[in-house]
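A.B. asks: Handing over coords-v8.cif, mmCIF, C-alpha atoms, pLDDT in the B column; chains and numbers go by the auth columns.
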```cif
data_query
#
loop_
_atom_site.group_PDB
_atom_site.id
_atom_site.type_symbol
_atom_site.label_atom_id
_atom_site.label_comp_id
_atom_site.label_asym_id
_atom_site.label_seq_id
_atom_site.Cartn_x
_atom_site.Cartn_y
_atom_site.Cartn_z
_atom_site.B_iso_or_equiv
_atom_site.auth_seq_id
_atom_site.auth_asym_id
ATOM 1 C CA GLY A 1 293.312 7.216 -10.063 91.00 193 Z
ATOM 2 C CA PHE A 2 293.183 7.759 -6.314 91.00 194 Z
ATOM 3 C CA LYS A 3 291.286 5.551 -3.882 90.00 195 Z
ATOM 4 C CA GLY A 4 290.294 6.357 -0.311 89.00 196 Z
ATOM 5 C CA ASN A 5 287.613 7.401 2.141 90.00 197 Z
ATOM 6 C CA ALA A 6 285.437 10.454 2.824 90.00 198 Z
ATOM 7 C CA TYR A 7 284.916 11.713 6.366 91.00 199 Z
ATOM 8 C CA TYR A 8 282.458 13.918 8.230 90.00 200 Z
ATOM 9 C CA TYR A 9 284.050 16.901 9.994 92.00 201 Z
ATOM 10 C CA PRO A 10 282.130 17.793 13.180 92.00 202 Z
ATOM 11 C CA TRP A 11 280.665 21.063 14.404 91.00 203 Z
ATOM 12 C CA SER A 12 282.059 22.472 17.656 93.00 204 Z
ATOM 13 C CA SER A 13 278.471 22.639 18.922 92.00 205 Z
ATOM 14 C CA TYR A 14 275.111 22.062 17.276 88.00 206 Z
ATOM 15 C CA ASN A 15 271.584 23.336 17.966 89.00 207 Z
ATOM 16 C CA TYR A 16 269.351 20.488 16.832 85.00 208 Z
ATOM 17 C CA ALA A 17 266.136 22.503 17.168 89.00 209 Z
ATOM 18 C CA ALA A 18 267.421 25.345 15.009 87.00 210 Z
ATOM 19 C CA LYS A 19 269.475 22.985 12.811 80.00 211 Z
ATOM 20 C CA LYS A 20 272.479 25.267 13.101 84.00 212 Z
ATOM 21 C CA GLY A 21 276.040 24.587 14.142 86.00 213 Z
ATOM 22 C CA THR A 22 279.145 26.475 15.200 90.00 214 Z
ATOM 23 C CA GLN A 23 282.253 25.806 13.134 89.00 215 Z
ATOM 24 C CA ASN A 24 285.027 23.866 14.809 93.00 216 Z
ATOM 25 C CA THR A 25 288.009 26.068 13.957 90.00 217 Z
ATOM 26 C CA LYS A 26 290.628 24.162 15.958 91.00 218 Z
ATOM 27 C CA LEU A 27 290.112 20.406 15.682 92.00 219 Z
ATOM 28 C CA TYR A 28 291.384 19.971 12.120 89.00 220 Z
ATOM 29 C CA THR A 29 294.926 21.078 13.046 85.00 221 Z
ATOM 30 C CA GLN A 30 295.195 19.092 16.276 85.00 222 Z
ATOM 31 C CA SER A 31 297.429 16.026 16.394 81.00 223 Z
ATOM 32 C CA SER A 32 294.712 13.872 17.964 82.00 224 Z
ATOM 33 C CA TYR A 33 292.531 14.488 14.905 87.00 225 Z
ATOM 34 C CA LEU A 34 295.279 14.203 12.287 84.00 226 Z
ATOM 35 C CA ASN A 35 296.713 11.033 13.840 80.00 227 Z
ATOM 36 C CA GLY A 36 293.620 9.024 12.911 83.00 228 Z
ATOM 37 C CA GLY A 37 290.966 10.829 14.966 87.00 229 Z
ATOM 38 C CA TYR A 38 289.247 11.948 11.767 89.00 230 Z
ATOM 39 C CA VAL A 39 287.935 8.372 11.367 88.00 231 Z
ATOM 40 C CA GLY A 40 285.816 8.643 14.534 88.00 232 Z
ATOM 41 C CA SER A 41 284.070 5.365 15.359 86.00 233 Z
ATOM 42 C CA GLY A 42 284.728 4.080 11.857 87.00 234 Z
ATOM 43 C CA LYS A 43 281.024 3.547 11.213 84.00 235 Z
ATOM 44 C CA VAL A 44 279.453 4.916 8.040 86.00 236 Z
ATOM 45 C CA ILE A 45 276.805 7.601 8.503 81.00 237 Z
ATOM 46 C CA THR A 46 273.446 6.428 7.141 73.00 238 Z
ATOM 47 C CA SER A 47 270.256 8.359 6.430 59.00 239 Z
ATOM 48 C CA GLY A 48 268.281 6.524 9.103 61.00 240 Z
ATOM 49 C CA HIS A 49 270.582 6.951 12.077 60.00 241 Z
ATOM 50 C CA THR A 50 270.511 9.486 14.903 63.00 242 Z
ATOM 51 C CA ALA A 51 273.583 11.626 14.372 73.00 243 Z
ATOM 52 C CA ASP A 52 275.852 13.369 16.827 84.00 244 Z
ATOM 53 C CA TYR A 53 277.039 16.268 14.699 86.00 245 Z
ATOM 54 C CA THR A 54 279.849 17.120 17.124 91.00 246 Z
ATOM 55 C CA VAL A 55 281.985 13.999 16.569 91.00 247 Z
ATOM 56 C CA PRO A 56 283.949 12.818 13.505 91.00 248 Z
ATOM 57 C CA ASN A 57 282.589 9.956 11.447 89.00 249 Z
ATOM 58 C CA VAL A 58 282.786 8.221 8.073 89.00 250 Z
ATOM 59 C CA ILE A 59 280.780 9.328 5.034 88.00 251 Z
ATOM 60 C CA ALA A 60 281.953 6.632 2.617 89.00 252 Z
ATOM 61 C CA TYR A 61 284.660 4.024 2.172 90.00 253 Z
ATOM 62 C CA ASP A 62 286.483 2.995 -1.011 90.00 254 Z
ATOM 63 C CA ILE A 63 285.746 5.994 -3.198 91.00 255 Z
ATOM 64 C CA THR A 64 287.811 6.546 -6.340 93.00 256 Z
ATOM 65 C CA ALA A 65 288.684 9.712 -8.230 92.00 257 Z
ATOM 66 C CA THR A 66 291.069 10.941 -10.890 94.00 258 Z
ATOM 67 C CA ASN A 67 290.463 14.635 -10.126 93.00 259 Z
ATOM 68 C CA LEU A 68 290.475 15.828 -6.498 91.00 260 Z
ATOM 69 C CA SER A 69 289.941 19.523 -7.275 89.00 261 Z
ATOM 70 C CA TYR A 70 286.537 20.968 -6.377 84.00 262 Z
ATOM 71 C CA SER A 71 284.742 24.088 -5.179 80.00 263 Z
ATOM 72 C CA ASN A 72 281.293 24.282 -3.595 70.00 264 Z
ATOM 73 C CA SER A 73 280.998 28.026 -4.221 57.00 265 Z
ATOM 74 C CA GLY A 74 277.447 28.804 -5.302 50.00 266 Z
ATOM 75 C CA LEU A 75 276.169 25.653 -3.625 47.00 267 Z
ATOM 76 C CA CYS A 76 277.163 26.415 -0.047 46.00 268 Z
ATOM 77 C CA GLU A 77 276.993 30.138 0.626 46.00 269 Z
ATOM 78 C CA THR A 78 275.745 30.327 4.234 46.00 270 Z
ATOM 79 C CA ALA A 79 277.727 30.050 7.456 46.00 271 Z
ATOM 80 C CA GLN A 80 275.563 27.098 8.500 43.00 272 Z
ATOM 81 C CA CYS A 81 275.961 25.134 5.281 46.00 273 Z
ATOM 82 C CA SER A 82 276.819 21.471 5.815 54.00 274 Z
ATOM 83 C CA GLY A 83 280.151 21.617 4.014 77.00 275 Z
ATOM 84 C CA ASN A 84 281.830 19.757 6.875 86.00 276 Z
ATOM 85 C CA TRP A 85 283.834 16.992 5.309 88.00 277 Z
ATOM 86 C CA GLY A 86 287.229 15.711 4.311 89.00 278 Z
ATOM 87 C CA PHE A 87 288.954 12.921 2.450 90.00 279 Z
ATOM 88 C CA HIS A 88 292.076 10.778 2.627 89.00 280 Z
ATOM 89 C CA MET A 89 293.028 9.480 -0.827 88.00 281 Z
ATOM 90 C CA THR A 90 295.983 7.287 -1.734 85.00 282 Z
ATOM 91 C CA GLY A 91 297.593 5.846 -4.825 87.00 283 Z
ATOM 92 C CA TYR A 92 300.842 5.308 -6.687 88.00 284 Z
ATOM 93 C CA ILE A 93 302.343 7.797 -9.095 90.00 285 Z
ATOM 94 C CA ILE A 94 303.753 5.810 -12.029 90.00 286 Z
ATOM 95 C CA PRO A 95 305.236 8.387 -14.411 91.00 287 Z
ATOM 96 C CA PRO A 96 305.002 7.652 -18.138 95.00 288 Z
ATOM 97 C CA THR A 97 308.079 9.839 -18.735 95.00 289 Z
ATOM 98 C CA THR A 98 311.251 10.431 -16.727 94.00 290 Z
ATOM 99 C CA GLY A 99 311.807 14.001 -15.579 94.00 291 Z
ATOM 100 C CA ASN A 100 310.746 16.739 -13.184 93.00 292 Z
ATOM 101 C CA TYR A 101 307.139 16.669 -11.976 93.00 293 Z
ATOM 102 C CA THR A 102 305.653 19.552 -9.987 93.00 294 Z
ATOM 103 C CA ILE A 103 302.642 18.873 -7.753 92.00 295 Z
ATOM 104 C CA SER A 104 300.799 21.958 -6.533 90.00 296 Z
ATOM 105 C CA LEU A 105 298.028 22.862 -4.122 85.00 297 Z
ATOM 106 C CA GLY A 106 297.031 26.024 -5.955 80.00 298 Z
ATOM 107 C CA TYR A 107 294.217 26.735 -3.504 83.00 299 Z
ATOM 108 C CA VAL A 108 293.005 25.052 -0.335 84.00 300 Z
ATOM 109 C CA ASP A 109 290.084 25.733 2.011 84.00 301 Z
ATOM 110 C CA ASP A 110 290.642 24.769 4.770 84.00 302 Z
ATOM 111 C CA LEU A 111 293.479 22.210 4.977 89.00 303 Z
ATOM 112 C CA GLY A 112 295.482 20.206 2.458 89.00 304 Z
ATOM 113 C CA ILE A 113 298.340 17.767 3.105 88.00 305 Z
ATOM 114 C CA LEU A 114 300.191 15.707 0.513 86.00 306 Z
ATOM 115 C CA ASN A 115 302.801 13.015 1.114 82.00 307 Z
ATOM 116 C CA LEU A 116 304.963 11.691 -1.714 81.00 308 Z
ATOM 117 C CA GLY A 117 306.864 8.477 -1.081 72.00 309 Z
ATOM 118 C CA ALA A 118 305.756 8.702 2.552 50.00 310 Z
ATOM 119 C CA GLY A 119 306.690 6.163 5.194 48.00 311 Z
ATOM 120 C CA LYS A 120 303.220 6.506 6.711 43.00 312 Z
ATOM 121 C CA PHE A 121 301.507 5.657 3.422 44.00 313 Z
ATOM 122 C CA LEU A 122 298.246 3.700 3.887 41.00 314 Z
ATOM 123 C CA SER A 123 298.401 4.023 7.680 43.00 315 Z
ATOM 124 C CA GLY A 124 295.719 5.544 9.903 45.00 316 Z
ATOM 125 C CA ASN A 125 298.166 8.272 10.881 47.00 317 Z
ATOM 126 C CA CYS A 126 298.326 10.212 7.618 50.00 318 Z
ATOM 127 C CA CYS A 127 299.435 13.523 9.029 53.00 319 Z
ATOM 128 C CA GLY A 128 301.466 12.983 12.184 53.00 320 Z
ATOM 129 C CA ASN A 129 304.234 15.341 11.086 48.00 321 Z
ATOM 130 C CA PHE A 130 301.930 18.239 10.212 47.00 322 Z
ATOM 131 C CA ASP A 131 302.980 21.540 11.799 46.00 323 Z
ATOM 132 C CA ILE A 132 300.642 24.546 11.741 41.00 324 Z
ATOM 133 C CA THR A 133 303.641 26.911 11.754 39.00 325 Z
ATOM 134 C CA GLY A 134 304.422 25.961 8.174 37.00 326 Z
ATOM 135 C CA ASP A 135 307.510 23.943 9.052 36.00 327 Z
ATOM 136 C CA ILE A 136 307.735 20.527 7.439 32.00 328 Z
ATOM 137 C CA SER A 137 309.277 17.576 9.218 37.00 329 Z
ATOM 138 C CA GLY A 138 309.288 13.899 8.393 42.00 330 Z
ATOM 139 C CA THR A 139 307.076 12.869 5.508 51.00 331 Z
ATOM 140 C CA ASN A 140 304.545 15.667 5.045 57.00 332 Z
ATOM 141 C CA THR A 141 305.882 16.890 1.733 72.00 333 Z
ATOM 142 C CA VAL A 142 303.212 19.526 1.038 77.00 334 Z
ATOM 143 C CA GLN A 143 300.915 21.099 3.615 77.00 335 Z
ATOM 144 C CA SER A 144 298.797 24.214 3.493 81.00 336 Z
ATOM 145 C CA ILE A 145 296.046 25.976 5.462 82.00 337 Z
ATOM 146 C CA TRP A 146 293.574 28.494 4.081 79.00 338 Z
ATOM 147 C CA SER A 147 294.122 32.185 4.732 77.00 339 Z
ATOM 148 C CA SER A 148 292.417 35.256 3.297 75.00 340 Z
ATOM 149 C CA SER A 149 295.549 36.018 1.258 76.00 341 Z
ATOM 150 C CA GLY A 150 295.939 32.502 -0.169 71.00 342 Z
ATOM 151 C CA PRO A 151 297.453 29.153 0.852 71.00 343 Z
ATOM 152 C CA THR A 152 299.960 29.237 3.693 77.00 344 Z
ATOM 153 C CA GLY A 153 302.819 26.846 4.339 75.00 345 Z
ATOM 154 C CA THR A 154 304.384 24.810 1.544 74.00 346 Z
ATOM 155 C CA ASN A 155 301.966 24.200 -1.302 82.00 347 Z
ATOM 156 C CA GLN A 156 304.234 22.919 -4.093 86.00 348 Z
ATOM 157 C CA ILE A 157 306.906 20.286 -4.646 86.00 349 Z
ATOM 158 C CA THR A 158 309.082 19.419 -7.640 88.00 350 Z
ATOM 159 C CA ALA A 159 310.577 15.931 -7.800 87.00 351 Z
ATOM 160 C CA TYR A 160 312.605 14.076 -10.410 89.00 352 Z
ATOM 161 C CA LEU A 161 310.683 10.865 -11.081 89.00 353 Z
ATOM 162 C CA TYR A 162 311.628 7.879 -13.220 89.00 354 Z
ATOM 163 C CA ALA A 163 309.262 6.382 -15.786 92.00 355 Z
ATOM 164 C CA GLY A 164 307.657 3.114 -14.680 89.00 356 Z
ATOM 165 C CA VAL A 165 308.658 3.456 -11.017 85.00 357 Z
ATOM 166 C CA SER A 166 305.857 3.445 -8.401 84.00 358 Z
ATOM 167 C CA TYR A 167 305.870 6.367 -5.950 84.00 359 Z
ATOM 168 C CA PRO A 168 303.326 6.192 -3.082 84.00 360 Z
ATOM 169 C CA VAL A 169 301.239 9.357 -2.785 85.00 361 Z
ATOM 170 C CA GLU A 170 298.452 10.402 -0.426 84.00 362 Z
ATOM 171 C CA VAL A 171 296.274 13.497 -0.147 88.00 363 Z
ATOM 172 C CA PHE A 172 294.393 14.600 2.974 89.00 364 Z
ATOM 173 C CA HIS A 173 291.869 17.454 2.844 91.00 365 Z
ATOM 174 C CA VAL A 174 289.432 19.014 5.320 91.00 366 Z
ATOM 175 C CA ASN A 175 286.773 21.673 4.843 89.00 367 Z
ATOM 176 C CA ARG A 176 285.642 22.717 8.319 86.00 368 Z
ATOM 177 C CA GLY A 177 282.312 24.170 7.102 79.00 369 Z
ATOM 178 C CA ALA A 178 280.549 26.436 4.599 73.00 370 Z
ATOM 179 C CA LEU A 179 282.622 27.292 1.507 75.00 371 Z
ATOM 180 C CA GLY A 180 285.316 24.779 0.656 80.00 372 Z
ATOM 181 C CA ALA A 181 287.714 24.083 -2.187 81.00 373 Z
ATOM 182 C CA ILE A 182 290.962 22.464 -3.176 86.00 374 Z
ATOM 183 C CA THR A 183 292.947 22.753 -6.395 89.00 375 Z
ATOM 184 C CA LEU A 184 295.433 19.943 -6.952 92.00 376 Z
ATOM 185 C CA THR A 185 297.447 19.838 -10.181 94.00 377 Z
ATOM 186 C CA TYR A 186 300.657 18.413 -11.571 96.00 378 Z
ATOM 187 C CA LYS A 187 303.017 19.627 -14.282 96.00 379 Z
ATOM 188 C CA ASP A 188 304.794 16.955 -16.318 97.00 380 Z
ATOM 189 C CA PRO A 189 308.331 17.195 -17.783 97.00 381 Z
ATOM 190 C CA SER A 190 306.969 18.719 -21.005 97.00 382 Z
ATOM 191 C CA GLY A 191 305.340 21.577 -19.075 97.00 383 Z
ATOM 192 C CA VAL A 192 301.722 20.419 -19.424 97.00 384 Z
ATOM 193 C CA VAL A 193 299.610 21.173 -16.325 96.00 385 Z
ATOM 194 C CA SER A 194 296.625 18.970 -15.466 96.00 386 Z
ATOM 195 C CA SER A 195 294.204 18.332 -12.607 95.00 387 Z
ATOM 196 C CA ASN A 196 293.351 14.887 -14.004 96.00 388 Z
ATOM 197 C CA PHE A 197 295.636 12.295 -12.420 96.00 389 Z
ATOM 198 C CA GLY A 198 294.046 9.387 -14.296 93.00 390 Z
ATOM 199 C CA GLY A 199 297.076 8.683 -16.469 90.00 391 Z
ATOM 200 C CA ILE A 200 299.674 9.008 -13.734 94.00 392 Z
ATOM 201 C CA VAL A 201 298.141 7.834 -10.409 94.00 393 Z
ATOM 202 C CA TYR A 202 296.955 4.254 -9.894 92.00 394 Z
ATOM 203 C CA HIS A 203 295.573 2.217 -6.990 85.00 395 Z
ATOM 204 C CA TYR A 204 295.682 -1.511 -6.265 72.00 396 Z
ATOM 205 C CA ASN A 205 292.724 -2.445 -8.473 68.00 397 Z
ATOM 206 C CA ASP A 206 294.325 -0.627 -11.407 60.00 398 Z
ATOM 207 C CA LEU A 207 297.524 -2.629 -10.940 54.00 399 Z
ATOM 208 C CA ASP A 208 295.901 -6.091 -10.762 48.00 400 Z
#
```
Represent the structure from my file as structure tokens, please.
C.D. replies:
Amino acid sequence: GFKGNAYYYPWSSYNYAAKKGTQNTKLYTQSSYLNGGYVGSGKVITSGHTADYTVPNVIAYDITATNLSYSNSGLCETAQCSGNWGFHMTGYIIPPTTGNYTISLGYVDDLGILNLGAGKFLSGNCCGNFDITGDISGTNTVQSIWSSSGPTGTNQITAYLYAGVSYPVEVFHVNRGALGAITLTYKDPSGVVSSNFGGIVYHYNDLD
């Protein structure tokens, strides 16, 4: 499966007395944030520390997952809900069968970026070629931002992959607050669609 880190996405401003924040609706598309700024100080947030809720930080390192799709609907219904987070997950696609594979971001709230065979794989700058206009340059193969009518930009790619060959892949996602979701699936050469990447994506520990 995938392996990576989870990050805290900051409020634009925060009232500590009222315990309410204002969503930061701009930071997550800015190059300074996407080019590694999402890591913040690099220190993990702990329950006993005094937090500055207006700066990025780390929630957890070295998390693993085979399914990156989720929705917090029903758990996070208010505008002040602490759904401010994101993740950067990496791995290697090693197809069991040669043929066309389609990877899709069926839904994203608020930002999803996927690189396949990317030159920036495993670097701090996961998203340097992201363009909010929907244009794709360089290595950002799939990128999409939430809109009321559905995902914008390019949210699907089909690639001919060879069985047994390792293809670097990374997924970057941000929910800027309140409701959040992402739906990531792949369709194999036989036409089967799945959100479980356990039998096709591996990380270093899997390959040892």
A.B. asks: Just checking: using only C-alpha atoms, which residue out of Z:Gly298, Z:Pro360, Z:Gly309, Z:Gly345 ends up closest to Thr375 (chain Z)?
C.D. replies: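 Checking each candidate against Thr375 (chain Z), we get Z:Gly298 as the closest.
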A.B. asks: When the PyMOL selection byres ((chain Z and resi 339) around 12) is applied to the file above, which residues end up in the set, as a PyMOL selection string?
C.D. replies: chain Z and resi 299-303+336-338+340-345
A.B. asks: Give the answer as one residue: which of Z:Ile349, Z:Ala252, Z:Val385, Z:Leu260 has the shortest atom-to-atom distance to His365 (chain Z), using all atoms listed in the file?
C.D. replies: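 Among Z:Ile349, Z:Ala252, Z:Val385, Z:Leu260, it is Z:Leu260 that comes nearest to His365 (chain Z).
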A.B. asks: To one decimal place, how far is CA of Leu308 (chain Z) from CA of Thr282 (chain Z) in Å?
C.D. replies: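 Taking CA of Leu308 (chain Z) and CA of Thr282 (chain Z), their separation equals 10.0 Å.
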A.B. asks: Could you list, as a JSON list (two decimals) with C-alpha atoms, keeping the file's coordinate frame, every residue matched by the PyMOL selection byres ((chain Z and resi 391) around 9) in this structure?
C.D. replies:
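Resulting contents of expr.json:
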```
[["chain", "number", "residue", "atom", "x", "y", "z"],
["Z", 193, "GLY", "CA", 293.31, 7.22, -10.06],
["Z", 258, "THR", "CA", 291.07, 10.94, -10.89],
["Z", 286, "ILE", "CA", 303.75, 5.81, -12.03],
["Z", 287, "PRO", "CA", 305.24, 8.39, -14.41],
["Z", 288, "PRO", "CA", 305.00, 7.65, -18.14],
["Z", 388, "ASN", "CA", 293.35, 14.89, -14.00],
["Z", 389, "PHE", "CA", 295.64, 12.30, -12.42],
["Z", 390, "GLY", "CA", 294.05, 9.39, -14.30],
["Z", 392, "ILE", "CA", 299.67, 9.01, -13.73],
["Z", 393, "VAL", "CA", 298.14, 7.83, -10.41],
["Z", 394, "TYR", "CA", 296.96, 4.25, -9.89]]
```
